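Dumped input_1.cif below, it's mmCIF, C-alpha atoms:
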```cif
data_final
#
loop_
_atom_site.label_atom_id
_atom_site.label_comp_id
_atom_site.auth_asym_id
_atom_site.auth_seq_id
_atom_site.Cartn_x
_atom_site.Cartn_y
_atom_site.Cartn_z
CA MET F 1 0.00 0.00 0.00
CA THR F 2 1.17 3.53 -0.79
CA ASP F 3 2.63 5.49 2.13
CA VAL F 4 1.07 8.93 2.57
CA ALA F 5 2.54 11.82 4.56
CA ILE F 6 1.80 15.40 5.46
CA ILE F 7 4.58 17.62 4.08
CA GLY F 8 3.17 21.11 4.57
CA PHE F 9 0.82 23.05 6.84
CA ALA F 10 -0.30 26.65 7.12
CA GLN F 11 -3.09 28.53 8.85
CA SER F 12 -4.35 32.06 9.18
CA ARG F 13 -4.58 33.76 12.52
CA SER F 14 -7.86 33.11 14.34
CA ARG F 15 -9.69 36.43 14.56
CA PRO F 16 -13.06 37.48 15.96
CA GLU F 17 -13.60 39.26 12.63
CA ALA F 18 -11.51 38.56 9.53
CA GLY F 19 -12.19 41.96 8.02
CA THR F 20 -13.22 40.45 4.68
CA THR F 21 -16.40 39.06 3.19
CA SER F 22 -14.52 36.65 0.94
CA GLY F 23 -12.89 33.33 1.71
CA VAL F 24 -10.60 33.99 -1.25
CA GLU F 25 -8.77 36.82 0.50
CA THR F 26 -8.17 34.62 3.53
CA LEU F 27 -7.09 31.56 1.54
CA VAL F 28 -4.60 33.07 -0.93
CA PRO F 29 -1.81 33.72 1.64
CA VAL F 30 -2.54 30.41 3.39
CA PHE F 31 -2.13 28.52 0.10
CA ALA F 32 1.12 30.33 -0.61
CA GLN F 33 2.53 29.50 2.81
CA ALA F 34 1.46 25.83 2.73
CA LEU F 35 2.91 25.26 -0.74
CA SER F 36 6.13 27.01 0.23
CA ASP F 37 6.36 24.87 3.36
CA ALA F 38 5.97 21.74 1.22
CA GLY F 39 8.31 22.90 -1.52
CA LEU F 40 5.61 22.56 -4.18
CA SER F 41 4.27 24.90 -6.83
CA ARG F 42 0.54 25.32 -7.42
CA ARG F 43 0.78 23.38 -10.70
CA GLU F 44 2.32 20.38 -8.94
CA VAL F 45 -0.84 19.74 -6.89
CA ASP F 46 -2.78 16.81 -8.38
CA PHE F 47 -5.90 17.09 -6.22
CA TRP F 48 -7.56 19.87 -4.23
CA CYS F 49 -10.18 19.20 -1.57
CA SER F 50 -11.97 21.68 0.69
CA GLY F 51 -14.23 21.76 3.73
CA SER F 52 -16.69 24.57 4.44
CA SER F 53 -20.39 25.21 5.01
CA ASP F 54 -22.97 27.04 2.95
CA TYR F 55 -25.04 27.52 6.12
CA LEU F 56 -22.17 29.42 7.70
CA ALA F 57 -21.46 31.48 4.59
CA GLY F 58 -25.14 32.24 4.04
CA ARG F 59 -24.98 31.47 0.32
CA ALA F 60 -25.34 28.43 -1.92
CA PHE F 61 -22.20 26.81 -3.35
CA SER F 62 -19.94 29.14 -1.40
CA PHE F 63 -17.02 26.75 -1.91
CA VAL F 64 -17.11 27.45 -5.66
CA ASN F 65 -16.26 31.08 -4.96
CA ALA F 66 -13.32 29.95 -2.82
CA VAL F 67 -11.89 28.00 -5.77
CA ASP F 68 -10.96 31.40 -7.21
CA ALA F 69 -8.10 31.38 -4.69
CA ILE F 70 -6.57 28.45 -6.59
CA GLY F 71 -6.62 30.18 -9.96
CA ALA F 72 -8.45 29.68 -13.23
CA TYR F 73 -5.61 27.96 -15.07
CA PRO F 74 -4.48 25.23 -15.38
CA PRO F 75 -7.68 23.19 -14.85
CA ILE F 76 -7.71 21.28 -11.56
CA CYS F 77 -9.19 18.13 -10.04
CA GLU F 78 -11.23 19.38 -7.08
CA SER F 79 -13.72 18.11 -4.49
CA HIS F 80 -15.52 19.43 -1.41
CA VAL F 81 -17.05 18.22 1.84
CA GLU F 82 -19.79 20.10 3.70
CA MET F 83 -18.07 19.75 7.08
CA ASP F 84 -14.73 20.30 8.76
CA ALA F 85 -11.82 20.01 6.35
CA ALA F 86 -10.36 17.13 8.39
CA TRP F 87 -12.83 15.01 6.43
CA ALA F 88 -11.54 16.56 3.21
CA LEU F 89 -8.10 15.36 4.31
CA TYR F 90 -9.53 11.86 4.64
CA GLU F 91 -10.90 12.06 1.09
CA ALA F 92 -7.55 13.26 -0.25
CA TYR F 93 -5.76 10.49 1.67
CA VAL F 94 -7.98 7.86 0.02
CA LYS F 95 -7.46 9.52 -3.38
CA ILE F 96 -3.70 9.12 -3.01
CA LEU F 97 -4.03 5.54 -1.72
CA ALA F 98 -6.11 4.71 -4.81
CA GLY F 99 -3.27 5.92 -7.04
CA GLU F 100 -5.36 8.72 -8.54
CA ALA F 101 -3.08 11.44 -7.20
CA GLU F 102 0.47 11.80 -5.92
CA THR F 103 0.03 15.16 -4.19
CA ALA F 104 -2.96 16.93 -2.67
CA LEU F 105 -3.75 20.20 -0.97
CA VAL F 106 -6.58 20.17 1.55
CA TYR F 107 -8.08 23.37 2.92
CA GLY F 108 -10.89 24.60 5.12
CA PHE F 109 -12.29 28.04 5.80
CA GLY F 110 -15.13 29.69 7.67
CA LYS F 111 -16.40 33.14 8.59
CA SER F 112 -18.17 32.47 11.87
CA SER F 113 -18.65 36.17 12.63
CA ALA F 114 -21.04 36.69 9.72
CA GLY F 115 -24.06 35.43 11.67
CA GLU F 116 -25.10 34.16 15.07
CA LEU F 117 -23.00 30.99 15.28
CA ARG F 118 -24.88 29.45 18.20
CA ARG F 119 -28.08 29.60 16.14
CA VAL F 120 -26.54 28.55 12.81
CA LEU F 121 -25.17 25.36 14.36
CA ALA F 122 -28.66 24.37 15.48
CA LEU F 123 -29.19 23.42 11.82
CA GLN F 124 -26.97 20.36 12.43
CA LEU F 125 -29.61 18.84 14.70
CA ASP F 126 -32.20 16.22 13.85
CA PRO F 127 -34.60 18.11 11.54
CA TYR F 128 -37.77 16.45 12.83
CA VAL F 129 -37.45 16.52 16.62
CA ALA F 130 -34.61 18.74 17.84
CA ALA F 131 -33.98 21.43 15.20
CA PRO F 132 -37.56 22.86 15.28
CA LEU F 133 -36.96 23.69 18.96
CA TRP F 134 -33.86 25.76 17.99
CA PRO F 135 -31.64 24.72 20.91
CA ASP F 136 -28.39 26.62 20.36
CA SER F 137 -25.03 24.84 20.24
CA VAL F 138 -23.86 26.14 23.63
CA SER F 139 -27.03 24.96 25.36
CA VAL F 140 -26.70 21.50 23.79
CA ALA F 141 -23.09 21.36 25.02
CA ALA F 142 -24.25 22.47 28.47
CA LEU F 143 -26.62 19.48 28.61
CA GLN F 144 -23.67 17.22 27.87
CA ALA F 145 -21.50 18.95 30.48
CA ARG F 146 -24.22 18.70 33.11
CA LEU F 147 -24.52 14.94 32.52
CA GLY F 148 -20.76 14.57 33.06
CA VAL F 149 -20.76 16.66 36.22
CA GLU F 150 -23.77 14.84 37.70
CA ALA F 151 -22.15 11.47 36.90
CA GLY F 152 -19.02 12.49 38.82
CA MET F 153 -16.82 12.25 35.73
CA PHE F 154 -15.39 15.75 36.25
CA SER F 155 -16.09 18.98 38.11
CA GLU F 156 -16.42 22.61 37.09
CA ARG F 157 -12.94 23.15 38.52
CA ASP F 158 -11.57 20.42 36.24
CA MET F 159 -13.16 22.25 33.31
CA ALA F 160 -11.62 25.56 34.40
CA GLU F 161 -8.20 23.91 34.69
CA VAL F 162 -8.49 22.86 31.04
CA ALA F 163 -9.23 26.45 30.01
CA ALA F 164 -6.36 27.87 32.09
CA ARG F 165 -3.84 25.38 30.71
CA SER F 166 -5.02 25.99 27.14
CA ARG F 167 -4.54 29.74 27.43
CA ARG F 168 -1.05 29.31 28.94
CA ASP F 169 -0.03 26.99 26.09
CA ALA F 170 -1.48 29.35 23.49
CA ALA F 171 0.95 32.07 24.61
CA GLY F 172 3.49 30.50 22.27
CA ASN F 173 1.05 30.23 19.36
CA PRO F 174 0.99 33.34 17.13
CA TYR F 175 -2.21 32.14 15.46
CA ALA F 176 -4.25 31.96 18.68
CA GLN F 177 -7.10 34.36 19.38
CA LEU F 178 -6.97 34.00 23.17
CA SER F 179 -3.92 33.43 25.37
CA GLY F 180 -2.33 34.48 28.64
CA GLU F 181 -1.80 33.52 32.24
CA THR F 182 -4.84 32.83 34.35
CA THR F 183 -5.95 30.42 37.06
CA ALA F 184 -8.95 28.19 37.60
CA ASP F 185 -9.90 30.25 40.66
CA GLU F 186 -10.07 33.42 38.57
CA LEU F 187 -12.10 31.75 35.84
CA LEU F 188 -14.61 30.25 38.27
CA THR F 189 -15.67 33.71 39.45
CA ALA F 190 -17.30 34.42 36.06
CA PRO F 191 -21.09 34.07 35.68
CA TYR F 192 -22.65 31.14 33.86
CA LEU F 193 -23.31 31.38 30.14
CA ALA F 194 -25.37 28.15 30.09
CA ASP F 195 -25.07 26.25 33.37
CA PRO F 196 -22.54 24.68 33.96
CA LEU F 197 -20.66 26.44 31.15
CA ARG F 198 -19.00 29.83 31.54
CA VAL F 199 -17.43 31.90 28.77
CA HIS F 200 -14.01 30.29 29.29
CA ASP F 201 -15.57 26.84 28.80
CA CYS F 202 -16.58 27.71 25.22
CA ALA F 203 -14.40 28.19 22.17
CA PRO F 204 -14.50 31.79 20.87
CA VAL F 205 -16.22 32.75 17.64
CA SER F 206 -13.40 32.88 15.08
CA ASP F 207 -12.81 33.52 11.40
CA GLY F 208 -9.94 31.77 9.66
CA ALA F 209 -8.58 29.13 7.30
CA ALA F 210 -6.01 26.34 7.15
CA ALA F 211 -4.32 24.18 4.52
CA VAL F 212 -2.45 20.86 4.64
CA VAL F 213 -0.33 19.36 1.84
CA LEU F 214 -0.19 15.58 1.37
CA ALA F 215 2.19 13.53 -0.76
CA ALA F 216 2.80 9.87 -1.51
CA GLY F 217 5.88 7.77 -0.82
CA ASP F 218 9.06 8.92 -2.54
CA ARG F 219 7.43 12.21 -3.52
CA ALA F 220 7.02 13.07 0.16
CA ARG F 221 10.62 12.12 0.91
CA ARG F 222 11.82 14.28 -1.96
CA HIS F 223 10.06 17.39 -0.71
CA ARG F 224 10.44 17.03 3.04
CA GLU F 225 13.39 15.84 5.12
CA ARG F 226 11.09 14.66 7.90
CA PRO F 227 7.54 14.00 6.63
CA ALA F 228 4.73 13.22 9.09
CA TRP F 229 3.68 9.78 7.87
CA ILE F 230 0.02 8.88 8.39
CA THR F 231 0.08 5.45 10.00
CA GLY F 232 -3.62 5.32 10.78
CA ILE F 233 -6.73 7.38 10.11
CA ALA F 234 -10.39 6.61 10.72
CA HIS F 235 -13.69 8.33 11.38
CA ARG F 236 -16.89 7.12 13.00
CA VAL F 237 -20.31 8.63 13.67
CA ASP F 238 -22.83 8.37 16.51
CA PRO F 239 -26.61 8.68 16.01
CA PRO F 240 -27.71 12.30 15.48
CA GLY F 241 -30.54 12.18 18.02
CA LEU F 242 -29.41 13.55 21.37
CA GLY F 243 -31.53 10.95 23.17
CA GLU F 244 -30.23 8.04 21.10
CA ARG F 245 -26.74 7.90 22.62
CA ASP F 246 -24.84 8.32 25.87
CA LEU F 247 -23.57 11.87 25.47
CA THR F 248 -20.72 11.24 27.94
CA ALA F 249 -19.36 8.04 26.32
CA VAL F 250 -18.30 9.42 22.89
CA ALA F 251 -18.41 5.92 21.43
CA SER F 252 -17.56 7.11 17.91
CA ALA F 253 -14.29 8.66 19.13
CA ALA F 254 -13.30 5.43 20.88
CA ALA F 255 -14.11 3.41 17.75
CA ALA F 256 -12.18 5.78 15.47
CA ALA F 257 -9.16 5.66 17.79
CA ALA F 258 -9.17 1.87 17.80
CA ALA F 259 -9.46 1.70 14.01
CA ALA F 260 -6.64 4.24 13.55
CA GLY F 261 -4.31 2.38 15.93
CA LEU F 262 -4.04 5.18 18.47
CA ALA F 263 -2.83 2.86 21.25
CA GLY F 264 0.86 3.20 22.10
CA ASP F 265 3.35 5.88 23.03
CA LEU F 266 2.33 9.36 21.95
CA ASP F 267 4.33 12.54 22.38
CA ALA F 268 1.39 14.89 21.78
CA VAL F 269 -2.29 14.89 20.86
CA GLU F 270 -4.23 17.80 19.37
CA LEU F 271 -7.90 17.43 20.33
CA HIS F 272 -10.70 19.30 18.60
CA ALA F 273 -12.71 20.07 21.74
CA PRO F 274 -14.78 23.28 21.42
CA PHE F 275 -15.82 23.05 25.09
CA THR F 276 -13.67 22.31 28.14
CA HIS F 277 -15.72 19.32 29.25
CA GLN F 278 -15.37 17.80 25.77
CA GLU F 279 -11.60 17.60 26.19
CA LEU F 280 -12.17 15.67 29.41
CA LEU F 281 -14.64 13.33 27.71
CA LEU F 282 -12.26 12.75 24.79
CA ARG F 283 -9.34 12.00 27.10
CA ALA F 284 -11.40 9.21 28.65
CA ALA F 285 -12.84 7.91 25.36
CA LEU F 286 -9.43 7.81 23.68
CA GLU F 287 -7.81 6.35 26.82
CA LEU F 288 -4.97 8.86 26.65
CA PRO F 289 -2.13 8.17 29.09
CA GLY F 290 -1.40 10.75 31.77
CA GLY F 291 2.00 11.74 30.37
CA VAL F 292 0.89 12.71 26.85
CA ARG F 293 0.94 16.42 25.97
CA ILE F 294 -2.58 17.57 25.08
CA ASN F 295 -3.16 20.58 22.83
CA PRO F 296 0.30 22.16 23.03
CA SER F 297 -1.01 24.79 20.58
CA GLY F 298 -3.74 25.83 23.01
CA GLY F 299 -6.40 24.08 20.95
CA VAL F 300 -9.71 25.46 19.74
CA LEU F 301 -10.53 26.98 23.13
CA CYS F 302 -8.07 29.67 22.06
CA GLY F 303 -9.23 30.00 18.45
CA ASN F 304 -11.98 28.11 16.65
CA PRO F 305 -12.34 28.98 12.95
CA MET F 306 -15.25 26.79 11.90
CA PHE F 307 -14.57 24.10 9.30
CA SER F 308 -10.80 24.51 9.48
CA ALA F 309 -10.23 24.01 13.22
CA GLY F 310 -10.26 20.20 12.99
CA LEU F 311 -7.87 20.24 10.02
CA SER F 312 -5.62 22.58 12.01
CA ARG F 313 -5.47 20.05 14.85
CA ILE F 314 -4.06 17.48 12.44
CA GLY F 315 -1.75 20.05 10.86
CA ALA F 316 -0.48 21.31 14.22
CA ALA F 317 0.25 17.75 15.34
CA ALA F 318 2.01 16.97 12.04
CA GLU F 319 4.08 20.13 12.38
CA ARG F 320 5.57 18.81 15.62
CA VAL F 321 6.79 15.71 13.76
CA MET F 322 8.08 17.66 10.74
CA SER F 323 10.01 20.05 12.99
CA GLY F 324 11.59 17.20 14.99
CA ARG F 325 9.82 18.09 18.25
CA ALA F 326 7.90 14.81 18.35
CA ARG F 327 8.16 11.26 17.06
CA ARG F 328 4.55 10.03 17.24
CA VAL F 329 1.47 12.24 17.48
CA ALA F 330 -2.26 12.23 16.83
CA GLY F 331 -4.75 14.79 15.58
CA HIS F 332 -8.48 14.65 16.27
CA ALA F 333 -11.44 16.40 14.65
CA THR F 334 -15.11 16.50 15.49
CA SER F 335 -18.26 17.63 13.74
CA GLY F 336 -21.92 17.77 14.66
CA PRO F 337 -23.58 18.38 18.05
CA ALA F 338 -22.08 17.06 21.29
CA LEU F 339 -19.13 15.25 19.64
CA GLN F 340 -21.39 13.30 17.28
CA GLN F 341 -18.76 12.62 14.59
CA ASN F 342 -15.09 12.00 15.29
CA LEU F 343 -11.95 11.50 13.21
CA VAL F 344 -8.55 10.37 14.52
CA CYS F 345 -5.29 10.63 12.55
CA VAL F 346 -2.06 9.07 13.86
CA MET F 347 1.27 10.29 12.45
CA GLU F 348 4.90 9.25 12.93
CA ALA F 349 8.33 10.40 11.87
#
```
Could I get this file's structure written as structure tokens?
Amino acid sequence: MTDVAIIGFAQSRSRPEAGTTSGVETLVPVFAQALSDAGLSRREVDFWCSGSSDYLAGRAFSFVNAVDAIGAYPPICESHVEMDAAWALYEAYVKILAGEAETALVYGFGKSSAGELRRVLALQLDPYVAAPLWPDSVSVAALQARLGVEAGMFSERDMAEVAARSRRDAAGNPYAQLSGETTADELLTAPYLADPLRVHDCAPVSDGAAAVVLAAGDRARRHRERPAWITGIAHRVDPPGLGERDLTAVASAAAAAAAAGLAGDLDAVELHAPFTHQELLLRAALELPGGVRINPSGGVLCGNPMFSAGLSRIGAAAERVMSGRARRVAGHATSGPALQQNLVCVMEA
């Protein structure tokens, strides 16, 4: 089977407002940086695949407009997924495995500030039972957090500790939206946003984009001294109905981790956890050992550009391998309400 590796990664800074109405303006510099990082020219990319959402953009076929960032000539082979671009990476990975491409550039983008994100994400819910009630995404997450707290799985202090650690780690990340020194005691003095969630428990509304470059076998070795080889990748999905699953078990994450071969020594894991309690649930579901470094970038609690944040988790993990700071890492992405869909990607030097 063909070996596939990540050889380039770039992202824009997470901002509360990107200052542009066009994904093209955000993507052009990200593409340039990712291709430069991989040592490829635009014409050397065999396959392009994107992740975004028309609901978020407020227009039909918004991804077609973003293709303008690639250029009109030469003609390209392109595809799109209506979800986080981590799933576009999976499609590109399969494309390379099938021998239909040797290189691929995967990208995701989203302008969350254009509307009321909490309300827009309610459109992910079951259209017959839940969506007509318009429960916003933070309230749905609060239900999940309350179940965990009542079951004794974690406390509000544990959640605050996650937020404090994330902001400390993000101090070294120039792309983060939030960072700085704080303590759990300070954070716990804030009022509730949706009991038991406070503002620090929720990822900020962010605009941004990210791109990852993939290459096969010898092509990857030719362009990168230390590629991040994908040794396992899998995604699983739980039922969409909030009453059809145990919201604290995250069975799809556990299944994806097992299928991807997550077990073993890991130097770092980047988790796509938009709420503090979700990091705690994912740690348990993935059975992460106590010594593994979690979200050294600060994670999405410090910057959450919709539909590229999951791809960035994989890219940030891969970057640690490519730079020589880690030997074996994993990136995780989620989509849907209350960790409904989960993807795990394991990478090694």
Do you have, as a Markdown table, the list of residues of range 175-237 of chain F lying at most 12 Å from range 44-50 of chain F, each with its nearest atom pair and that distance in Å to one decimal, counting all atoms listed in the file and ordered by chain then number?
```
| residue | atom | partner | partner_atom | distance |
| --- | --- | --- | --- | --- |
| F:Ala209 | CA | F:Ser50 | CA | 10.5 |
| F:Ala210 | CA | F:Ser50 | CA | 9.9 |
| F:Ala211 | CA | F:Ser50 | CA | 8.9 |
| F:Val212 | CA | F:Cys49 | CA | 10.1 |
| F:Val213 | CA | F:Val45 | CA | 8.8 |
| F:Leu214 | CA | F:Val45 | CA | 9.3 |
| F:Ala215 | CA | F:Val45 | CA | 9.2 |
| F:Ala216 | CA | F:Asp46 | CA | 11.2 |
| F:Arg219 | CA | F:Glu44 | CA | 11.1 |
| F:His223 | CA | F:Glu44 | CA | 11.7 |
```
Problem - For Arg43 in chain F: contacts at 10 Å, only C-alpha atoms, fewer than 2 positions along chain excluded, given as a PyMOL selection string - result: chain F and resi 40-41+45-46+70+73-76
Practice task
Report as a PyMOL selection string the residues that result from applying the PyMOL selection byres ((chain F and resi 206) around 7) to the structure here.
Solution key: chain F and resi 14-17+112-113+204-205+207-208+303-305
Problem - Residue nearest Lys111 in chain F - candidates F:Ala251, F:Ala18, F:Val346, F:Leu282, atoms counted: only C-alpha atoms - result: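 Comparing F:Ala251, F:Ala18, F:Val346, F:Leu282 against Lys111 in chain F, the winner is F:Ala18.
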Practice task
Write out as a PyMOL selection string each polymer residue whose atoms come within 6 Å of range 79-87 of chain F, counting only C-alpha atoms; drop sequence neighbours fewer than 4 positions from it.
Solution key: chain F and resi 49-53+108+307-308+310-311
Practice task
Considering all atoms listed in the file, state which residue in the set F:Leu247, F:Ala69, F:Leu280, F:Ala130 is at the smallest distance from Arg157 in chain F.
Solution key: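 Of F:Leu247, F:Ala69, F:Leu280, F:Ala130, the one nearest Arg157 in chain F, counting all atoms listed in the file, is F:Leu280.
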Exercise for the section: Have a look at F:Gly324, F:Gly299, F:Gly217, F:Pro29 and name the one nearest to Leu97 in chain F; count all atoms listed in the file. Expected result: F:Gly217
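Proximity to Ala349 in chain F at 7 Å, evaluated using only C-alpha atoms and with sequence-adjacent residues fewer than 2 positions away removed, yields Arg226, Pro227, Ala228, Trp229, Val321, Arg327 and Arg328 of chain F.
Across F:Gln124, F:Ser312, F:Gln340, F:Thr103, the tightest approach to Ser12 in chain F is made by F:Ser312 when counting only C-alpha atoms.
Going from CA of Val140 in chain F to CA of Pro337 in chain F covers 7.2 Å.
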Problem - Picked residues, the PyMOL selection byres ((chain F and resi 159) around 10), as a list in words - result: Ala145, Val149, Phe154, Ser155, Glu156, Arg157, Asp158, Ala160, Glu161, Val162, Ala163, Ala164, Ala184, Leu187, Leu188, Pro196, Leu197, Arg198, His200, Asp201, Phe275, Thr276, His277, Gln278, Glu279 and Leu280 of chain F
Completion exercise
Students should find that CA of Val199 in chain F and CA of Ser252 in chain F are spaced 27.1 Å
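Using all atoms listed in the file, the nearest neighbour of Pro240 in chain F within the list F:Val106, F:Ala32, F:Ala131, F:Leu266 is F:Ala131.
A straight line drawn from CA of Gly23 in chain F to CA of Ala316 in chain F is 21.3 Å long.
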